[in-house]
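Student: Could you have a look at this structure, given as structure tokens, before my questions?
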Amino acid sequence: MKFKTIKSAAIIILLMVTSFLTGQSREITVKGHVKFDEPRFKMQIIRQDGSEKTVVGEFDIDANSNFNYKMKVDEPGVYSLDCKKWESVQFWAEDEDIEINFRGKDTAKMVIKNPKYYKINAGPKNEVMNHLNYLSYQNTQWMIAISQITYRSKFVNDSVKSETTGKFYDYLNEDFKSRVRNIADLYPNRTSVVAILRYLNPDKDAAYIQKIYETIDSLYPGYGPLAKFRKEQKEKIEFAARVKIGSVAPDFEYPQVNGKNLGPKNFRGKVLLIDFWASWCGPCRQEIPNLKEAYEMFKDKGVEFLSVSIDKGSPEWIKALDQEKMPWPQILAPNSGKEITQLYQFSGIPFIILLDKEGRIIAKNLRGEGLVKAIKEQISK
């Protein structure tokens with residue numbers, strides 16, 4: 001009888017592992033409480049792949065301000081639980097029920113968006129996420145504090161403030177990365193450790209990455225989220241090689257307002273500055289006066305400009321064009337720029353690059369005075 005019991009348990013475990021590896025759906029409970037409701041919005045569970053966000057679950061709180069949702073997990077990994085557009089927590093969805101209790105709507109007279117830290121009540125896999133979430137929270141708080149201290153300093157000029165703040169930020173980023181490496185040391189055998197891989201540097205942190213690969217591979221051969229990450233990293237390396245300095249810029253064609261397609265090839269024989277931007281991007285709009293000034297300086301010296309918007313749709317884009325009145329060609333990338341951001345390997349905008357007359361990339365991440373300097377150097381050759 002004892003042998004049969006052990007055999008039955010082994011079969012159950014085998015079935016669970018088979019489901020685990022083949023990617024069959026599981027169901028977990030996502031529950032919690034919201035202290036202050038925002039009735040205009042609902043709770044959402046969001047999956048983000050690169051720049052693409054997908055809502056995989058939407059629900060509301062009950063009369064007692066509680067929520068209890070059965071989430072179907074088609075693919076294990078990092079998801080975000082968004083609390084009515086006020087707060088959000090990343091968690092690992094796989095086989096652990098989770099509980100998160102939110103404060104909810106900010107009831108202060110002056111609302112300042114400053115993300116809070118919320119503990120995920122779950123199992124060992126989300127213990128990893130608690131560590132990671134707290135590091136992100138702590139890093140943000142330090143950056144806010146440093147910005148306030150340097151901004152209020154009365155004994156230094158703006159350039160010194162900016163330089164000092166930047167150095168502090170660099171230190172904080174390095175500190176964050178060192179603490180992430182510590183997570184890799186602590187939890188190499190938990191599947192959710194895959195979540196920290198995106199924060200590790202493929203070169204500097206190769207030993208930590210390899211340790212995670214080997215541990216997860218030995219415990220869970222063919223584990224889906226790890227296989228997906230490896231595939232994405234391989235593609236990222238391949239794409240990065242295509243857009244390194246000196247490479248011919250990948251070609252693309254997108255429509256102008258009049259519907260006619262335009263792309264880098266149309267400007268061969270001229271130095272070309274490409275500005276990737278969006279109407280909703282504050283820094284992009286702030287950079288436009290610098291672009292206009294540079295355009296006036298170089299438009300008659302064999303230099304062309306091209307702006308590529310990653311707006312969600314034409315109405316927002318056209319409205320911004322009417323407001324900004326940029327006198328050079330404008331095109332709109334489809335799908336909110338999903339393809340172009342992958343093709344050119346950027347995640348933040350404005351992303352401004354410079355191409356030579358043969359279409360080779362000669363400078364990236366240009367802004368302000370650096371932009372003008374790069375163009376001058378190129379046309380003087």
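Scheme for the structure tokens: letters A, B, ... for chains in order shown; per-chain residue numbers from 1; ligand numbers from 1 in order shown.
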Can you list, as a list in words, every protein, DNA or RNA residue that comes within 9 Å of Gln378 of chain A when you count only C-alpha atoms, leaving out same-chain residues fewer than 5 positions away?

Tutor: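 Within the cut-off, the hits are Val271, Asp356, Ile362 and Lys373 of chain A.
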
Student: Tell me which protein, DNA and RNA residues are within 9 Å of Phe267 of chain A, counting only C-alpha atoms, leaving out same-chain ones fewer than 3 positions away, and put them as a list in words.

Tutor: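 The neighbour list is Gly263, Pro264, Lys270, Val271, Leu272, Glu304, Lys357 and Gly359 of chain A.
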
Student: Which residues come within 8 Å of segment 46-61 of chain A, counting only C-alpha atoms, excluding same-chain residues fewer than 4 positions away, as a VMD selection string?

Tutor: chain A and resid 33 to 34 42 65 to 69 71 78 to 82 338 347

Student: At most 12 Å is the cut-off: for each residue in segment 130-233 of chain A with any atom that close to an atom of segment 111-118 of chain A, write down the nearest atom pair and the distance in Å rounded to one decimal, counting only C-alpha atoms, chain first then increasing number, as a tab-separated table.

Tutor:
residue	atom	partner	partner_atom	distance
A:Asn130	CA	A:Tyr118	CA	8.2
A:His131	CA	A:Tyr117	CA	10.6
A:Leu132	CA	A:Tyr117	CA	10.7
A:Asn133	CA	A:Tyr117	CA	7.2
A:Tyr134	CA	A:Tyr117	CA	6.3
A:Leu135	CA	A:Tyr117	CA	9.5
A:Ser136	CA	A:Tyr117	CA	8.9
A:Tyr137	CA	A:Tyr117	CA	6.1
A:Gln138	CA	A:Tyr117	CA	8.6
A:Asn139	CA	A:Pro115	CA	11.2
A:Thr140	CA	A:Pro115	CA	8.3
A:Gln141	CA	A:Asn114	CA	8.3
A:Trp142	CA	A:Asn114	CA	11.8
A:Met143	CA	A:Asn114	CA	11.4
A:Ile144	CA	A:Asn114	CA	9.0
A:Ala145	CA	A:Asn114	CA	11.5

Student: Just to be explicit: take each residue in the selection above, keep C-alpha atoms, and write the result as a PDB file, in the first residue's frame.

Tutor:
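Contents of out-v1.pdb, freshly written:
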ATOM      1  CA  ASN A 130      10.219  41.093  -3.340  1.00  0.00           C
ATOM      2  CA  HIS A 131      13.993  41.522  -3.253  1.00  0.00           C
ATOM      3  CA  LEU A 132      14.078  42.924  -6.787  1.00  0.00           C
ATOM      4  CA  ASN A 133      11.100  45.237  -6.260  1.00  0.00           C
ATOM      5  CA  TYR A 134      12.588  46.642  -3.069  1.00  0.00           C
ATOM      6  CA  LEU A 135      15.908  47.341  -4.785  1.00  0.00           C
ATOM      7  CA  SER A 136      14.079  49.248  -7.535  1.00  0.00           C
ATOM      8  CA  TYR A 137      12.056  51.173  -4.956  1.00  0.00           C
ATOM      9  CA  GLN A 138      15.127  52.010  -2.894  1.00  0.00           C
ATOM     10  CA  ASN A 139      17.064  53.124  -5.969  1.00  0.00           C
ATOM     11  CA  THR A 140      14.234  55.463  -7.015  1.00  0.00           C
ATOM     12  CA  GLN A 141      13.992  56.983  -3.530  1.00  0.00           C
ATOM     13  CA  TRP A 142      17.717  57.696  -3.451  1.00  0.00           C
ATOM     14  CA  MET A 143      17.556  59.350  -6.865  1.00  0.00           C
ATOM     15  CA  ILE A 144      14.666  61.560  -5.757  1.00  0.00           C
ATOM     16  CA  ALA A 145      16.510  62.517  -2.574  1.00  0.00           C
TER      17      ALA A 145
END

Student: Ranking A:Ile349, A:Val128, A:Leu273, A:Met43 by minimum distance to Lys299 of chain A and counting only C-alpha atoms, which one comes first?

Tutor: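 Between A:Ile349, A:Val128, A:Leu273, A:Met43, the residue approaching Lys299 of chain A most closely is A:Leu273.
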
Student: At what distance in Å, to one decimal, does atom CA of Val243 of chain A lie from atom CA of Trp277 of chain A?

Tutor: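 Atom CA of Val243 of chain A lies 17.9 Å from atom CA of Trp277 of chain A.
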
Student: Any idea what the distance is between atom CA of Ala294 of chain A and atom CA of Leu371 of chain A?

Tutor: 7.9 Å

Student: To one decimal place in Å, what is the distance between atom CA of Gln210 of chain A and atom CA of Asp74 of chain A?

Tutor: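 These two atoms are separated by 26.7 Å.
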
Student: Going by DSSP on the backbone, which residues of segment 80-252 of chain A come out as strand (DSSP E)? List them as a list in words.

Tutor: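 Of segment 80-252 of chain A, the ones in strand (DSSP E) are Ser80, Leu81, Asp82, Cys83, Glu87, Ser88, Val89, Gln90, Phe91, Trp92, Ala93, Ile98, Glu99, Ile100, Asn101, Phe102, Arg103 and Gly104 of chain A.
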
Student: Could those selected residues go to a file with N, CA and C atoms, as a PDB file, in the first residue's frame?

Tutor:
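again.pdb, freshly written:
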ATOM      1  N   SER A  80       2.689  42.453 -14.193  1.00  0.00           N
ATOM      2  CA  SER A  80       2.439  43.600 -13.327  1.00  0.00           C
ATOM      3  C   SER A  80       0.987  43.603 -12.891  1.00  0.00           C
ATOM      4  N   LEU A  81       0.771  43.803 -11.600  1.00  0.00           N
ATOM      5  CA  LEU A  81      -0.578  44.003 -11.083  1.00  0.00           C
ATOM      6  C   LEU A  81      -0.770  45.502 -10.926  1.00  0.00           C
ATOM      7  N   ASP A  82      -1.598  46.080 -11.789  1.00  0.00           N
ATOM      8  CA  ASP A  82      -1.822  47.520 -11.799  1.00  0.00           C
ATOM      9  C   ASP A  82      -3.064  47.845 -10.980  1.00  0.00           C
ATOM     10  N   CYS A  83      -2.883  48.702  -9.967  1.00  0.00           N
ATOM     11  CA  CYS A  83      -3.985  49.075  -9.081  1.00  0.00           C
ATOM     12  C   CYS A  83      -4.633  50.365  -9.571  1.00  0.00           C
ATOM     13  N   GLU A  87      -0.975  52.608  -8.809  1.00  0.00           N
ATOM     14  CA  GLU A  87       0.197  51.887  -8.327  1.00  0.00           C
ATOM     15  C   GLU A  87       0.334  50.582  -9.100  1.00  0.00           C
ATOM     16  N   SER A  88       1.531  50.031  -9.079  1.00  0.00           N
ATOM     17  CA  SER A  88       1.769  48.796  -9.816  1.00  0.00           C
ATOM     18  C   SER A  88       2.873  47.990  -9.138  1.00  0.00           C
ATOM     19  N   VAL A  89       2.709  46.675  -9.127  1.00  0.00           N
ATOM     20  CA  VAL A  89       3.707  45.781  -8.538  1.00  0.00           C
ATOM     21  C   VAL A  89       4.001  44.649  -9.521  1.00  0.00           C
ATOM     22  N   GLN A  90       5.283  44.390  -9.743  1.00  0.00           N
ATOM     23  CA  GLN A  90       5.669  43.269 -10.581  1.00  0.00           C
ATOM     24  C   GLN A  90       5.721  41.994  -9.741  1.00  0.00           C
ATOM     25  N   PHE A  91       5.177  40.910 -10.274  1.00  0.00           N
ATOM     26  CA  PHE A  91       5.203  39.629  -9.567  1.00  0.00           C
ATOM     27  C   PHE A  91       5.527  38.512 -10.543  1.00  0.00           C
ATOM     28  N   TRP A  92       5.879  37.345  -9.990  1.00  0.00           N
ATOM     29  CA  TRP A  92       6.191  36.192 -10.819  1.00  0.00           C
ATOM     30  C   TRP A  92       4.980  35.262 -10.835  1.00  0.00           C
ATOM     31  N   ALA A  93       4.402  35.080 -12.005  1.00  0.00           N
ATOM     32  CA  ALA A  93       3.231  34.212 -12.153  1.00  0.00           C
ATOM     33  C   ALA A  93       3.679  32.844 -12.666  1.00  0.00           C
ATOM     34  N   ILE A  98      -0.908  34.638  -5.016  1.00  0.00           N
ATOM     35  CA  ILE A  98      -0.287  35.840  -4.469  1.00  0.00           C
ATOM     36  C   ILE A  98      -1.322  36.757  -3.831  1.00  0.00           C
ATOM     37  N   GLU A  99      -0.856  37.540  -2.871  1.00  0.00           N
ATOM     38  CA  GLU A  99      -1.697  38.542  -2.214  1.00  0.00           C
ATOM     39  C   GLU A  99      -0.908  39.851  -2.112  1.00  0.00           C
ATOM     40  N   ILE A 100      -1.523  40.944  -2.584  1.00  0.00           N
ATOM     41  CA  ILE A 100      -0.902  42.268  -2.493  1.00  0.00           C
ATOM     42  C   ILE A 100      -1.958  43.254  -2.012  1.00  0.00           C
ATOM     43  N   ASN A 101      -1.650  43.984  -0.972  1.00  0.00           N
ATOM     44  CA  ASN A 101      -2.576  44.972  -0.428  1.00  0.00           C
ATOM     45  C   ASN A 101      -2.078  46.385  -0.746  1.00  0.00           C
ATOM     46  N   PHE A 102      -2.926  47.137  -1.441  1.00  0.00           N
ATOM     47  CA  PHE A 102      -2.556  48.467  -1.909  1.00  0.00           C
ATOM     48  C   PHE A 102      -3.188  49.574  -1.065  1.00  0.00           C
ATOM     49  N   ARG A 103      -2.537  50.728  -1.054  1.00  0.00           N
ATOM     50  CA  ARG A 103      -3.159  51.918  -0.498  1.00  0.00           C
ATOM     51  C   ARG A 103      -4.197  52.444  -1.485  1.00  0.00           C
ATOM     52  N   GLY A 104      -3.836  52.444  -2.760  1.00  0.00           N
ATOM     53  CA  GLY A 104      -4.763  52.884  -3.788  1.00  0.00           C
ATOM     54  C   GLY A 104      -4.638  54.354  -4.105  1.00  0.00           C
TER      55      GLY A 104
END

Student: Which of these, A:Ala108, A:Ala184, A:Val248, A:Ile274, has the shortest distance to Lys364 of chain A once you count only C-alpha atoms?

Tutor: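 For Lys364 of chain A, the nearest of the candidates is A:Ile274.
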